[in-house]
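J.: Before I ask anything, let me first share the structure, which is written out below as structure tokens.
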Amino acid sequence: MNIIQGEKMGWVEVITGGMFSGKTEELIRRLRRAQIAKQKVQVFKPKIDNRYSLDHITSHSEQKLISQPVEKPSQIPELTHEDTKVVGIDEAQFFDESIVQVCQDLADSGIRVIVAGLDQDYRGKPFEPMPHLLAIADHVTKNAAVCMVCGNPASRTQKIIKSTKLVEVGAASTYEARCRMCHDPDLKDVREVVQI
Ligand code: ADP
Ligand code: MG
Ligand code: ZN
């Protein structure tokens, strides 16, 4: 790609960290600032995330921004308008690997792409496709929450109920923020069992 200085150039920003670390708040903050500067913004999220509402991205502090739910990453470039300057994507860990090339292509076509997602699952294992997105990003922000046990910076997500389901979209009743020291990846100390 030939970039002439001053020509519109896109890039990929990734916002990551555990649950409650403020990824969605930070994504909304960046998107609102772009909107204030009269840049056309579009926001996408995977359809799996229907926690609060189907057509918004929502933070745990109840900030909201209108978004378009999509089944698969290939719908994002199809739905992106010609004059869109900034594309926001939340909960990117729920997309398949093709989200990586979609972000690259959008950035190469001059769009600022801001992607938020969990870097680890509740067992502390890398949550694909986020590791790949982190590698190709031009800019990365990794936030911490506050550990609910000891108050240290929390990089992990603790599952606080046992259930039979592997992928769960939940909030404060299912997960809490924990630091490395207090994280219990094998759920040894988790007593409450829920049948789903
Ligand atoms: P994420 O998208 O990373 O899950 P959100 O942006 O949705 O995070 O929510 C961040 C908000 O979550 C904080 O501003 C705070 O109001 C709330 N919150 C709840 N529990 C915690 C915690 N343990 N540490 C920090 N923030 C928390
Ligand atoms: Mg979020
Ligand atoms: Zn702790």
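Please note that chains go A, B, ... in the order of the structure tokens, that every chain numbers its residues from 1, and that ligands are numbered from 1 in the order shown.
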Kindly work out which residues sit at most 9 Å from ligand 2, using only C-alpha atoms and all ligand atoms, and give the list as a PDB file with C-alpha atoms, in the first residue's frame.

T.:
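Output contents, as saved in selection05.pdb:
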ATOM      1  CA  MET A  19     -14.322  -8.208  32.753  1.00  0.00           C
ATOM      2  CA  PHE A  20     -15.214  -4.920  34.500  1.00  0.00           C
ATOM      3  CA  SER A  21     -11.887  -3.350  33.441  1.00  0.00           C
ATOM      4  CA  GLY A  22     -13.700  -0.600  31.536  1.00  0.00           C
ATOM      5  CA  LYS A  23     -13.225  -1.806  27.951  1.00  0.00           C
ATOM      6  CA  THR A  24     -16.706  -0.808  26.839  1.00  0.00           C
ATOM      7  CA  GLU A  25     -16.545   2.503  28.731  1.00  0.00           C
ATOM      8  CA  LEU A  27     -14.615   2.254  23.608  1.00  0.00           C
ATOM      9  CA  ILE A  57     -23.166  -1.704  23.309  1.00  0.00           C
ATOM     10  CA  THR A  58     -23.584  -1.346  27.069  1.00  0.00           C
ATOM     11  CA  SER A  59     -21.043  -0.970  29.868  1.00  0.00           C
ATOM     12  CA  HIS A  60     -21.461  -2.302  33.404  1.00  0.00           C
ATOM     13  CA  ASP A  90     -17.192  -4.631  21.105  1.00  0.00           C
ATOM     14  CA  GLU A  91     -16.958  -8.156  22.567  1.00  0.00           C
ATOM     15  CA  ALA A 116     -12.592  -4.111  22.482  1.00  0.00           C
ATOM     16  CA  GLY A 117     -12.558  -7.640  23.889  1.00  0.00           C
ATOM     17  CA  LEU A 118     -11.500  -9.994  26.666  1.00  0.00           C
TER      18      LEU A 118
END

J.: For stretch 100-106 of chain A, list every protein, DNA or RNA residue within 12 Å, evaluated using only C-alpha atoms, and leave out those in the same chain fewer than 6 positions away; present the list as a count of residues only.

T.: 43

J.: Enumerate, in order of chain and increasing residue number, the residues of chain A with an atom no farther than 6 Å from ligand 3, each with its shortest atom pair and distance in Å to one decimal, counting only C-alpha atoms and all ligand atoms, as a Markdown table.

T.:
| residue | atom | partner | partner_atom_place_in_ligand_line | distance |
| --- | --- | --- | --- | --- |
| A:Cys147 | CA | ligand 3 | 1 (Zn) | 4.7 |
| A:Val149 | CA | ligand 3 | 1 (Zn) | 5.0 |
| A:Cys150 | CA | ligand 3 | 1 (Zn) | 4.1 |
| A:Gly151 | CA | ligand 3 | 1 (Zn) | 5.8 |
| A:Asn152 | CA | ligand 3 | 1 (Zn) | 5.3 |
| A:Arg178 | CA | ligand 3 | 1 (Zn) | 5.3 |
| A:Cys179 | CA | ligand 3 | 1 (Zn) | 4.2 |
| A:Met181 | CA | ligand 3 | 1 (Zn) | 5.5 |
| A:Cys182 | CA | ligand 3 | 1 (Zn) | 4.3 |

J.: Could you dump the residues just selected with all heavy atoms as a CSV table (one decimal), in the first residue's frame?

T.:
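Saved as selection.csv:
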chain,number,residue,atom,x,y,z
A,147,CYS,N,-9.6,-5.9,42.1
A,147,CYS,CA,-9.9,-7.3,42.6
A,147,CYS,C,-10.9,-7.2,43.7
A,147,CYS,O,-10.8,-6.5,44.6
A,147,CYS,CB,-8.6,-7.9,43.1
A,147,CYS,SG,-8.9,-9.5,43.9
A,149,VAL,N,-11.5,-9.4,45.8
A,149,VAL,CA,-11.1,-10.1,47.1
A,149,VAL,C,-10.2,-9.2,47.9
A,149,VAL,O,-10.3,-9.0,49.1
A,149,VAL,CB,-10.4,-11.5,46.8
A,149,VAL,CG1,-9.9,-12.1,48.1
A,149,VAL,CG2,-11.4,-12.4,46.1
A,150,CYS,N,-9.1,-8.6,47.2
A,150,CYS,CA,-8.1,-7.9,47.9
A,150,CYS,C,-7.9,-6.5,47.5
A,150,CYS,O,-7.1,-5.8,48.1
A,150,CYS,CB,-6.8,-8.7,47.8
A,150,CYS,SG,-6.0,-8.5,46.2
A,151,GLY,N,-8.5,-6.0,46.4
A,151,GLY,CA,-8.4,-4.7,46.0
A,151,GLY,C,-7.2,-4.3,45.1
A,151,GLY,O,-7.0,-3.2,44.7
A,152,ASN,N,-6.3,-5.3,44.8
A,152,ASN,CA,-5.2,-5.1,43.9
A,152,ASN,C,-5.7,-5.0,42.4
A,152,ASN,O,-6.9,-5.3,42.2
A,152,ASN,CB,-4.2,-6.3,43.9
A,152,ASN,CG,-3.2,-6.1,45.0
A,152,ASN,OD1,-2.6,-5.1,45.2
A,152,ASN,ND2,-3.0,-7.2,45.8
A,178,ARG,N,-10.7,-10.4,39.5
A,178,ARG,CA,-9.8,-10.9,40.5
A,178,ARG,C,-8.3,-10.6,40.0
A,178,ARG,O,-8.1,-10.6,38.8
A,178,ARG,CB,-9.9,-12.4,40.6
A,178,ARG,CG,-11.2,-12.9,41.2
A,178,ARG,CD,-11.1,-13.1,42.7
A,178,ARG,NE,-12.4,-13.6,43.2
A,178,ARG,CZ,-12.6,-14.8,43.6
A,178,ARG,NH1,-11.6,-15.7,43.6
A,178,ARG,NH2,-13.8,-15.2,44.1
A,179,CYS,N,-7.4,-10.5,40.9
A,179,CYS,CA,-6.0,-10.3,40.6
A,179,CYS,C,-5.4,-11.7,40.4
A,179,CYS,O,-6.1,-12.7,40.6
A,179,CYS,CB,-5.3,-9.6,41.6
A,179,CYS,SG,-5.0,-10.5,43.1
A,181,MET,N,-3.2,-13.3,42.1
A,181,MET,CA,-3.1,-14.0,43.3
A,181,MET,C,-4.4,-14.6,43.8
A,181,MET,O,-4.4,-15.7,44.3
A,181,MET,CB,-2.6,-13.0,44.4
A,181,MET,CG,-2.1,-13.5,45.6
A,181,MET,SD,-1.4,-12.1,46.6
A,181,MET,CE,-2.8,-11.1,47.0
A,182,CYS,N,-5.5,-13.9,43.6
A,182,CYS,CA,-6.8,-14.4,44.1
A,182,CYS,C,-7.6,-15.2,43.1
A,182,CYS,O,-8.6,-15.7,43.4
A,182,CYS,CB,-7.7,-13.2,44.6
A,182,CYS,SG,-6.9,-12.2,45.9

J.: How many Å separate atom CA of A:Gln120 from atom CA of A:Ser173?

T.: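 Distance reported for this atom pair: 18.8 Å.
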
J.: Which residue is closest to ligand 1? Choose from A:Lys40, A:Lys64, A:His139, A:Lys162 and count only C-alpha atoms and all ligand atoms.

T.: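 Answer, going by the shortest atom-to-atom distance: A:Lys64.
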
J.: So which one's closest to A:Asp96, A:Arg32, A:Ile161, A:Phe127, A:Asp189? Using only C-alpha atoms, please.

T.: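 For A:Asp96, the nearest of the given residues is A:Phe127.
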
J.: Which parts of stretch 88-127 of chain A does DSSP call strand (DSSP E or B) when run on the backbone here, written out as a ChimeraX atom specification?

T.: /A:88-89,112-118,120,126

J.: If you run DSSP over the backbone, which residues in stretch 21-160 of chain A end up alpha helix (DSSP H)? Put them as a PyMOL selection string.

T.: chain A and resi 23-36+75-79+98-108+130-136

J.: Pick out the residues sitting within 8 Å of A:Thr157, and hand them over as a list in words; count only C-alpha atoms, and ignore anything fewer than 6 positions along from it in its own chain.

T.: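 Result of the neighbour search: Gly18, Met19, Gln120, Asp121, Tyr122, Arg123, Gly124, Tyr175, Glu176, Ala177, Arg178 and His183 of chain A.
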
J.: With only C-alpha atoms and all ligand atoms as the atoms that count, which of A:Asp186, A:Asp119, A:Glu26, A:Glu97 lies nearest to ligand 1?

T.: A:Glu26

J.: Find the residue from A:Arg33, A:Val140, A:Lys38, A:Ser155 that sits nearest to ligand 1; use only C-alpha atoms and all ligand atoms when measuring.

T.: A:Ser155
